[in-house]
>>> print(open('upload-v1.cif').read())   # mmCIF, C-alpha atoms
data_upload
loop_
_atom_site.label_atom_id
_atom_site.label_comp_id
_atom_site.auth_asym_id
_atom_site.auth_seq_id
_atom_site.Cartn_x
_atom_site.Cartn_y
_atom_site.Cartn_z
CA MET A 901 0.65 25.28 5.31
CA ALA A 902 -3.05 25.90 5.87
CA GLU A 903 -4.46 24.43 9.05
CA LEU A 904 -6.20 21.15 8.27
CA SER A 905 -9.54 20.18 9.80
CA ASP A 906 -9.61 17.70 12.67
CA ILE A 907 -11.12 15.01 10.44
CA ALA A 908 -8.37 15.46 7.82
CA LEU A 909 -5.69 15.24 10.52
CA VAL A 910 -7.28 12.17 12.11
CA THR A 911 -7.46 10.50 8.67
CA GLN A 912 -3.77 11.17 8.11
CA VAL A 913 -2.92 9.65 11.49
CA ALA A 914 -5.19 6.62 11.06
CA VAL A 915 -4.38 5.79 7.43
CA LEU A 916 -0.87 7.12 6.83
CA HIS A 917 0.41 6.89 10.43
CA ASN A 918 1.43 10.52 10.05
CA LYS A 919 2.84 11.55 13.43
CA ARG A 920 3.12 15.20 12.36
CA ALA A 921 -0.64 15.30 11.93
CA PHE A 922 -1.08 13.90 15.44
CA ASP A 923 1.41 16.48 16.74
CA GLN A 924 -0.88 19.21 15.31
CA LEU A 925 -3.85 17.68 17.14
CA VAL A 926 -1.89 17.54 20.42
CA ARG A 927 -0.81 21.17 20.08
CA LYS A 928 -4.39 22.23 19.31
CA TYR A 929 -6.02 20.40 22.21
CA GLN A 930 -3.32 20.36 24.89
CA SER A 931 -4.67 23.51 26.56
CA PRO A 932 -8.36 22.46 26.94
CA VAL A 933 -7.44 18.91 27.95
CA ARG A 934 -4.89 20.00 30.56
CA ARG A 935 -7.30 22.66 31.84
CA PHE A 936 -10.02 19.98 32.15
CA PHE A 937 -7.70 17.86 34.31
CA LEU A 938 -6.54 20.85 36.36
CA ASN A 939 -10.15 21.55 37.25
CA GLN A 940 -10.91 17.91 38.07
CA THR A 941 -7.78 17.50 40.22
CA LEU A 942 -8.29 20.90 41.87
CA GLY A 943 -5.05 22.33 40.53
CA ASP A 944 -2.61 19.41 40.76
CA GLU A 945 -0.41 20.31 37.77
CA GLN A 946 1.81 17.22 37.84
CA LEU A 947 -1.13 14.81 37.99
CA SER A 948 -3.01 16.82 35.34
CA ASP A 949 -0.10 16.63 32.90
CA ASP A 950 0.33 12.89 33.52
CA LEU A 951 -3.37 12.25 32.90
CA ALA A 952 -3.40 14.52 29.83
CA GLN A 953 -0.40 12.64 28.42
CA GLU A 954 -2.16 9.33 29.02
CA THR A 955 -5.25 10.73 27.28
CA PHE A 956 -3.33 11.65 24.12
CA ILE A 957 -1.51 8.31 24.05
CA LYS A 958 -4.84 6.47 24.31
CA ALA A 959 -6.26 8.69 21.56
CA TYR A 960 -3.29 7.82 19.33
CA VAL A 961 -3.47 4.08 19.98
CA ASN A 962 -7.25 3.99 19.41
CA ILE A 963 -7.44 6.57 16.61
CA THR A 964 -8.91 4.02 14.18
CA LYS A 965 -11.89 3.63 16.54
CA PHE A 966 -12.85 7.28 15.97
CA LYS A 967 -15.78 7.05 13.54
CA GLY A 968 -16.54 10.75 13.24
CA ILE A 969 -20.06 10.41 14.69
CA SER A 970 -19.24 13.08 17.27
CA SER A 971 -16.58 15.77 16.88
CA PHE A 972 -12.95 14.89 17.58
CA SER A 973 -12.92 17.19 20.64
CA THR A 974 -15.95 15.39 22.15
CA TRP A 975 -14.26 12.02 21.51
CA LEU A 976 -11.03 13.30 23.09
CA PHE A 977 -12.86 14.69 26.14
CA ARG A 978 -14.63 11.36 26.54
CA ILE A 979 -11.24 9.62 26.70
CA ALA A 980 -10.05 12.28 29.17
CA TYR A 981 -13.13 11.72 31.32
CA ASN A 982 -12.54 7.93 31.35
CA VAL A 983 -8.84 8.40 32.13
CA PHE A 984 -9.72 10.66 35.06
CA TYR A 985 -12.32 8.31 36.53
CA ASP A 986 -10.03 5.29 36.07
CA ASP A 987 -7.46 7.23 38.09
CA VAL A 988 -10.02 8.17 40.74
CA ARG A 989 -11.16 4.53 41.04
CA SER A 990 -7.60 3.20 41.30
CA LYS A 991 -6.77 5.76 43.99
CA LYS A 992 -9.89 4.96 45.96
CA GLN A 993 -8.75 1.35 46.03
CA THR A 994 -5.12 1.98 46.92
CA SER A 995 -4.76 5.19 48.92
CA ASP A 996 -6.46 7.37 51.47
CA ILE A 997 -7.95 10.81 50.83
CA ASP A 998 -5.38 12.62 53.02
CA SER A 999 -2.52 11.94 50.61
CA GLN A 1000 -4.56 13.44 47.74
CA GLU A 1001 -5.28 16.49 49.86
CA VAL A 1002 -1.55 16.97 50.57
CA ALA A 1003 -0.75 16.69 46.86
CA ARG A 1004 -3.44 19.20 46.07
CA ILE A 1005 -2.29 21.76 48.64
CA SER A 1006 1.37 21.48 47.57
CA ALA A 1007 0.33 22.00 43.95
CA PHE A 1008 -1.47 25.19 44.92
CA SER A 1009 1.71 26.93 46.05
CA GLY A 1010 2.56 29.81 43.74
CA ASP A 1011 -0.84 29.83 42.04
CA ALA A 1012 -2.73 33.07 41.67
CA GLY A 1013 -5.39 33.87 44.27
CA LEU A 1014 -8.30 33.55 41.87
CA LYS A 1015 -7.18 30.11 40.71
CA MET A 1016 -7.05 29.02 44.32
CA ASP A 1017 -10.52 30.46 44.89
CA ILE A 1018 -11.88 28.52 41.91
CA TYR A 1019 -10.33 25.24 43.05
CA GLN A 1020 -11.56 25.91 46.57
CA ALA A 1021 -15.07 26.49 45.24
CA LEU A 1022 -14.88 23.38 43.02
CA SER A 1023 -13.78 21.32 46.02
CA GLN A 1024 -17.27 21.88 47.50
CA LEU A 1025 -18.73 19.73 44.72
CA LYS A 1026 -18.95 16.00 44.21
CA GLU A 1027 -16.80 14.64 41.36
CA GLU A 1028 -19.69 14.24 38.89
CA GLU A 1029 -21.03 17.69 39.73
CA ARG A 1030 -17.57 19.19 39.28
CA THR A 1031 -17.14 17.50 35.90
CA CYS A 1032 -20.50 18.74 34.62
CA ILE A 1033 -20.02 22.25 36.02
CA THR A 1034 -16.50 22.71 34.62
CA LEU A 1035 -17.44 21.24 31.23
CA GLN A 1036 -20.30 23.71 30.98
CA LEU A 1037 -18.95 26.86 32.62
CA ILE A 1038 -15.24 26.62 31.79
CA ASP A 1039 -15.04 24.49 28.64
CA GLY A 1040 -18.29 25.89 27.22
CA GLN A 1041 -19.81 22.49 26.34
CA PRO A 1042 -23.60 22.30 25.87
CA ILE A 1043 -25.65 19.74 27.83
CA ASP A 1044 -25.89 17.22 24.94
CA LYS A 1045 -22.09 17.25 24.52
CA ILE A 1046 -21.59 16.83 28.28
CA SER A 1047 -23.92 13.86 28.05
CA ASP A 1048 -21.85 12.42 25.16
CA ILE A 1049 -18.58 12.96 27.03
CA THR A 1050 -19.67 11.54 30.37
CA GLY A 1051 -22.06 8.90 29.08
CA MET A 1052 -24.72 10.18 31.51
CA PRO A 1053 -28.32 10.78 30.37
CA GLN A 1054 -29.07 14.46 29.74
CA ASN A 1055 -31.46 14.64 32.71
CA THR A 1056 -28.74 13.34 35.03
CA VAL A 1057 -26.37 15.99 33.66
CA LYS A 1058 -29.02 18.64 34.31
CA SER A 1059 -29.48 17.38 37.89
CA HIS A 1060 -25.72 17.51 38.55
CA LEU A 1061 -25.56 21.01 37.09
CA LYS A 1062 -28.49 22.17 39.23
CA ARG A 1063 -27.09 20.73 42.47
CA GLY A 1064 -23.59 21.96 41.66
CA LYS A 1065 -24.77 25.49 40.93
CA ASP A 1066 -26.83 25.57 44.13
CA LYS A 1067 -23.79 24.57 46.16
CA LEU A 1068 -21.59 27.10 44.36
CA THR A 1069 -24.10 29.88 44.92
CA ASP A 1070 -24.19 29.12 48.65
CA TYR A 1071 -20.39 28.99 48.79
CA LEU A 1072 -19.90 32.25 46.87
CA LYS A 1073 -22.50 34.08 48.94
CA ALA A 1074 -21.01 32.77 52.17
CA ASN A 1075 -17.62 34.09 51.08
CA GLY A 1076 -18.87 37.54 50.08
CA TYR A 1077 -18.68 37.22 46.29
CA ASP A 1078 -22.19 38.66 45.89
CA ARG A 1079 -21.25 42.07 47.28
CA MET B 518 -33.63 26.38 46.33
CA ASP B 519 -34.38 28.01 42.98
CA MET B 520 -31.58 29.58 41.01
CA THR B 521 -32.22 33.20 40.15
CA ASP B 522 -30.73 35.04 37.17
CA LYS B 523 -28.59 36.91 39.67
CA ASP B 524 -27.20 33.64 41.04
CA ASN B 525 -26.47 32.41 37.53
CA LEU B 526 -24.67 35.65 36.72
CA LEU B 527 -22.68 35.38 39.94
CA ILE B 528 -21.46 31.88 39.02
CA GLU B 529 -20.76 32.75 35.38
CA GLU B 530 -18.79 35.83 36.43
CA PHE B 531 -16.81 33.74 38.93
CA PHE B 532 -15.74 31.25 36.21
CA LYS B 533 -15.30 33.82 33.45
CA GLN B 534 -11.55 34.20 33.85
CA ALA B 535 -11.01 30.44 34.18
CA ALA B 536 -12.91 29.93 30.91
CA GLN B 537 -10.50 32.26 29.10
CA GLN B 538 -7.38 30.65 30.56
CA GLN B 539 -4.99 29.25 27.92
CA ILE B 540 -2.30 26.88 29.16
CA GLU B 541 1.12 27.35 27.55
CA ASP B 542 2.52 24.25 25.88
CA ASN B 543 5.96 24.43 27.60
CA GLY B 544 7.20 21.22 25.97
CA PHE B 545 4.09 19.19 26.79
CA SER B 546 3.36 18.28 23.14
CA LYS B 547 6.95 17.13 22.62
CA ARG B 548 6.78 14.93 25.71
CA VAL B 549 3.58 13.36 24.38
CA MET B 550 5.06 12.79 20.92
CA ASP B 551 8.23 11.27 22.43
CA SER B 552 6.20 8.83 24.49
CA LEU B 553 3.91 7.56 21.71
CA PRO B 554 4.21 3.80 21.20
CA VAL B 555 5.56 2.47 17.91
CA SER B 556 2.80 0.73 15.92
CA GLN B 557 3.18 -2.64 14.12
CA GLN B 558 3.01 -0.89 10.73
CA GLU B 559 5.79 1.50 11.71
CA LYS B 560 7.93 -1.44 12.87
CA ALA B 561 7.32 -3.23 9.56
CA HIS B 562 8.13 -0.06 7.60
CA ARG B 563 11.39 0.46 9.49
CA LEU B 564 12.40 -3.20 8.98
CA SER B 565 11.58 -2.93 5.28
CA MET B 566 13.75 0.21 4.97
CA LEU B 567 16.64 -1.45 6.80
CA TRP B 568 16.36 -4.55 4.58
CA THR B 569 16.37 -2.40 1.42
CA VAL B 570 19.47 -0.47 2.54
CA PHE B 571 21.21 -3.74 3.48
CA CYS B 572 20.45 -5.29 0.05
CA VAL B 573 21.66 -2.22 -1.85
CA VAL B 574 24.94 -2.05 0.11
CA LEU B 575 25.48 -5.80 -0.30
CA SER B 576 24.83 -5.59 -4.07
CA VAL B 577 27.33 -2.74 -4.52
CA VAL B 578 30.00 -4.57 -2.48
CA LEU B 579 29.49 -7.87 -4.38
CA PHE B 580 29.49 -5.99 -7.69
CA PHE B 581 33.01 -4.70 -7.07
CA ILE B 582 34.32 -7.87 -5.36
CA PHE B 583 33.39 -10.09 -8.32
CA GLY B 584 34.72 -7.72 -10.97
CA GLY B 585 31.34 -6.37 -11.98
CA TRP B 586 32.82 -3.07 -13.06
CA GLU B 587 35.19 -4.74 -15.57
CA THR B 588 32.33 -6.78 -17.03
CA LEU B 589 30.15 -3.68 -17.33
CA LYS B 590 32.98 -1.71 -18.97
CA ALA B 591 33.59 -4.54 -21.48
CA SER B 592 29.86 -4.73 -22.28
CA ILE B 593 29.62 -0.98 -22.93
CA ILE B 594 32.70 -1.06 -25.19
CA MET B 595 31.26 -4.03 -27.11
CA VAL B 596 27.92 -2.28 -27.65
CA LEU B 597 29.69 0.90 -28.84
CA GLN B 598 31.86 -1.09 -31.24
CA THR B 599 28.79 -2.83 -32.66
CA VAL B 600 27.01 0.48 -33.20
CA VAL B 601 30.09 2.02 -34.88
CA THR B 602 30.50 -1.02 -37.12
CA TRP B 603 26.82 -0.97 -38.08
CA LEU B 604 26.93 2.76 -38.83
CA SER B 605 30.07 2.43 -40.97
CA VAL B 606 28.47 -0.41 -42.97
CA PHE B 607 25.30 1.63 -43.42
CA LEU B 608 27.15 4.77 -44.54
CA THR B 609 29.26 2.75 -46.94
CA THR B 610 26.28 1.02 -48.55
CA ALA B 611 23.54 3.68 -48.29
CA PRO B 612 24.52 5.87 -51.30
CA THR B 613 24.18 2.88 -53.60
CA THR B 614 20.71 1.98 -52.30
CA GLU B 615 17.64 3.83 -53.46
CA ILE B 616 15.01 4.11 -50.70
CA PRO B 617 11.69 5.66 -51.78
CA VAL B 618 10.80 8.32 -49.16
CA ASN B 619 7.39 9.99 -48.99
CA PRO B 620 7.77 13.48 -47.40
CA VAL B 621 4.15 13.44 -46.16
CA VAL B 622 4.72 10.19 -44.26
CA ILE B 623 7.90 11.66 -42.73
CA LEU B 624 6.00 14.82 -41.73
CA LEU B 625 3.19 12.78 -40.15
CA LEU B 626 5.72 10.63 -38.30
CA VAL B 627 7.52 13.72 -36.93
CA ALA B 628 4.19 15.27 -35.89
CA PHE B 629 3.12 12.04 -34.17
CA VAL B 630 6.38 11.66 -32.23
CA GLY B 631 7.05 15.34 -31.59
CA VAL B 632 3.54 16.68 -30.89
CA TYR B 633 0.88 14.02 -30.38
CA LEU B 634 2.81 11.70 -28.04
CA PRO B 635 4.00 14.53 -25.70
CA TYR B 636 0.42 15.94 -25.69
CA ARG B 637 -1.08 12.58 -24.70
CA THR B 638 1.55 12.07 -22.00
CA TYR B 639 0.79 15.54 -20.63
CA ARG B 640 -2.96 14.82 -20.54
CA LYS B 641 -2.45 11.49 -18.78
CA LEU B 642 -0.13 13.03 -16.18
CA SER B 643 -2.56 15.91 -15.56
CA ALA B 644 -5.41 13.47 -15.02
CA ALA B 645 -3.32 11.33 -12.68
CA LEU B 646 -2.19 14.30 -10.56
#
>>> encode(input="upload-v1.cif", output="structure tokens")
Amino acid sequence: MAELSDIALVTQVAVLHNKRAFDQLVRKYQSPVRRFFLNQTLGDEQLSDDLAQETFIKAYVNITKFKGISSFSTWLFRIAYNVFYDDVRSKKQTSDIDSQEVARISAFSGDAGLKMDIYQALSQLKEEERTCITLQLIDGQPIDKISDITGMPQNTVKSHLKRGKDKLTDYLKANGYDR
Amino acid sequence: MDMTDKDNLLIEEFFKQAAQQQIEDNGFSKRVMDSLPVSQQEKAHRLSMLWTVFCVVLSVVLFFIFGGWETLKASIIMVLQTVVTWLSVFLTTAPTTEIPVNPVVILLLVAFVGVYLPYRTYRKLSAAL
């Protein structure tokens, strides 16, 4: 069967409650969504998969709210962004930073060196900076899409990108990546 | 501090491999699909299906319990007997009756039933599909 467009699949899910169509959407977007969470959680695979699962469930439950103004991927990333920051807020209220650090380090075990380097570099950034940087440099999203996903004005996105890149440049130079 | 092109290149090169990384599914999609909640419409559809199956099974059981098969058999035999009787009366009386038959009318009737009606049905089905 020919691959249907996202809009056609979303219509089938919303109108006909076709779970096979939603399965196609999950298979198509599982990699970018899980990668987004891996970058935000600095490599915590278990937490990333849990948050990605929650993202897809929320997308399924609220699929009728998708109006097609933005692309489906932008809408999905926006849900992912909200899921991540809901998780961050709930953890800030209930736990200390040390426990997150332990989870992060244990999740690193077995990862390739470069992955560890990337997560180490991303850990130098504030959460908003990290989100903007990874959306642009890893997920390839333009500034207007990052603004749509995060709900931040484009100038704020640009500021986060600028500060984040400055910090990354300092970090990479300090660790000999410019040689 | 101003970003130079060299700094930009350094950062882009650093994230290049991460940007190309594809995460294997490894059962993730199935776990998501298994954990999707059942919507109200799906619940209603399932209940409707169950109710239909229940009614069909109940009808079949009651049909046999109350001798439905015997009644049906008797009805079929009665209809057949009526048809046979009618045909025998017709065949017995037909040769003595003169019925004026116009071959053109018969030809038009055959053409209408055999050609025009199937053509119209085909057109309607094509338009519907």
>>> resolve_selection(input="upload-v1.cif", expression="the PyMOL selection byres ((chain B) within 6 of (chain A))", output="ChimeraX atom specification")
/B:536,539-540,546,549,553
>>> atom_distance(input="upload-v1.cif", atom1="atom CA of A:Ser971", atom2="atom CA of A:Thr1050")
14.5 Å
>>> atom_distance(input="upload-v1.cif", atom1="atom CA of A:Leu1061", atom2="atom CA of A:Glu1029")
6.2 Å
>>> atom_distance(input="upload-v1.cif", atom1="atom CA of A:Asn962", atom2="atom CA of A:Phe936")
20.6 Å
>>> closest_residue(input="upload-v1.cif", among="A:Phe977, A:Leu909, A:Leu1022, A:Asn1075", to="A:Gly1051", atoms="only C-alpha atoms")
A:Phe977
>>> resolve_selection(input="upload-v1.cif", expression="the PyMOL selection byres ((chain A and resi 906) around 9)", output="JSON, numbers by chain")
{"A": [904, 905, 907, 908, 909, 910, 911, 925, 971, 972, 973]}
>>> build_atoms(input="upload-v1.cif", residues="stretch 536-572 of chain B", atoms="N, CA and C atoms", output="short mmCIF file (atom, residue, chain, number, x, y, z; two decimals), in the coordinates of the input")
data_model
loop_
_atom_site.label_atom_id
_atom_site.label_comp_id
_atom_site.auth_asym_id
_atom_site.auth_seq_id
_atom_site.Cartn_x
_atom_site.Cartn_y
_atom_site.Cartn_z
N ALA B 536 -12.49 30.37 32.25
CA ALA B 536 -12.91 29.93 30.91
C ALA B 536 -12.00 30.48 29.83
N GLN B 537 -11.37 31.65 30.11
CA GLN B 537 -10.50 32.26 29.10
C GLN B 537 -9.04 31.81 29.25
N GLN B 538 -8.76 31.05 30.28
CA GLN B 538 -7.38 30.65 30.56
C GLN B 538 -6.83 29.74 29.46
N GLN B 539 -5.68 30.10 28.90
CA GLN B 539 -4.99 29.25 27.92
C GLN B 539 -3.71 28.74 28.58
N ILE B 540 -3.50 27.45 28.53
CA ILE B 540 -2.30 26.88 29.16
C ILE B 540 -1.19 26.81 28.12
N GLU B 541 -0.04 27.38 28.45
CA GLU B 541 1.12 27.35 27.55
C GLU B 541 1.60 25.91 27.37
N ASP B 542 2.09 25.61 26.18
CA ASP B 542 2.52 24.25 25.88
C ASP B 542 3.72 23.83 26.75
N ASN B 543 4.75 24.69 26.78
CA ASN B 543 5.96 24.43 27.60
C ASN B 543 6.51 23.01 27.45
N GLY B 544 6.59 22.54 26.23
CA GLY B 544 7.20 21.22 25.97
C GLY B 544 6.27 20.03 26.18
N PHE B 545 5.03 20.30 26.54
CA PHE B 545 4.09 19.19 26.79
C PHE B 545 3.89 18.34 25.53
N SER B 546 3.63 19.02 24.39
CA SER B 546 3.36 18.28 23.14
C SER B 546 4.55 17.39 22.77
N LYS B 547 5.75 17.92 22.96
CA LYS B 547 6.95 17.13 22.62
C LYS B 547 7.05 15.89 23.51
N ARG B 548 6.74 16.08 24.79
CA ARG B 548 6.78 14.93 25.71
C ARG B 548 5.78 13.86 25.28
N VAL B 549 4.60 14.31 24.85
CA VAL B 549 3.58 13.36 24.38
C VAL B 549 4.09 12.63 23.15
N MET B 550 4.61 13.40 22.18
CA MET B 550 5.06 12.79 20.92
C MET B 550 6.21 11.81 21.17
N ASP B 551 7.09 12.16 22.12
CA ASP B 551 8.23 11.27 22.43
C ASP B 551 7.78 9.97 23.09
N SER B 552 6.63 10.02 23.75
CA SER B 552 6.20 8.83 24.49
C SER B 552 5.17 7.99 23.73
N LEU B 553 4.87 8.36 22.48
CA LEU B 553 3.91 7.56 21.71
C LEU B 553 4.49 6.19 21.39
N PRO B 554 3.70 5.14 21.52
CA PRO B 554 4.21 3.80 21.20
C PRO B 554 4.40 3.63 19.69
N VAL B 555 5.32 2.73 19.33
CA VAL B 555 5.56 2.47 17.91
C VAL B 555 4.57 1.39 17.45
N SER B 556 3.81 1.69 16.39
CA SER B 556 2.80 0.73 15.92
C SER B 556 3.45 -0.40 15.12
N GLN B 557 2.69 -1.48 14.89
CA GLN B 557 3.18 -2.64 14.12
C GLN B 557 3.56 -2.22 12.70
N GLN B 558 2.74 -1.34 12.11
CA GLN B 558 3.01 -0.89 10.73
C GLN B 558 4.31 -0.12 10.66
N GLU B 559 4.54 0.74 11.69
CA GLU B 559 5.79 1.50 11.71
C GLU B 559 6.99 0.57 11.84
N LYS B 560 6.84 -0.46 12.70
CA LYS B 560 7.93 -1.44 12.87
C LYS B 560 8.23 -2.12 11.54
N ALA B 561 7.16 -2.54 10.84
CA ALA B 561 7.32 -3.23 9.56
C ALA B 561 7.98 -2.31 8.54
N HIS B 562 7.56 -1.03 8.54
CA HIS B 562 8.13 -0.06 7.60
C HIS B 562 9.62 0.14 7.86
N ARG B 563 9.98 0.26 9.13
CA ARG B 563 11.39 0.46 9.49
C ARG B 563 12.22 -0.76 9.08
N LEU B 564 11.68 -1.97 9.35
CA LEU B 564 12.40 -3.20 8.98
C LEU B 564 12.58 -3.28 7.47
N SER B 565 11.53 -2.89 6.75
CA SER B 565 11.58 -2.93 5.28
C SER B 565 12.66 -1.98 4.76
N MET B 566 12.73 -0.77 5.37
CA MET B 566 13.75 0.21 4.97
C MET B 566 15.15 -0.33 5.23
N LEU B 567 15.33 -0.90 6.43
CA LEU B 567 16.64 -1.45 6.80
C LEU B 567 17.05 -2.57 5.83
N TRP B 568 16.08 -3.42 5.49
CA TRP B 568 16.36 -4.55 4.58
C TRP B 568 16.75 -4.03 3.19
N THR B 569 16.06 -2.98 2.72
CA THR B 569 16.37 -2.40 1.42
C THR B 569 17.80 -1.83 1.41
N VAL B 570 18.13 -1.07 2.45
CA VAL B 570 19.47 -0.47 2.54
C VAL B 570 20.52 -1.58 2.57
N PHE B 571 20.26 -2.62 3.37
CA PHE B 571 21.21 -3.74 3.48
C PHE B 571 21.43 -4.40 2.11
N CYS B 572 20.35 -4.63 1.37
CA CYS B 572 20.45 -5.29 0.05
C CYS B 572 21.22 -4.42 -0.94
#
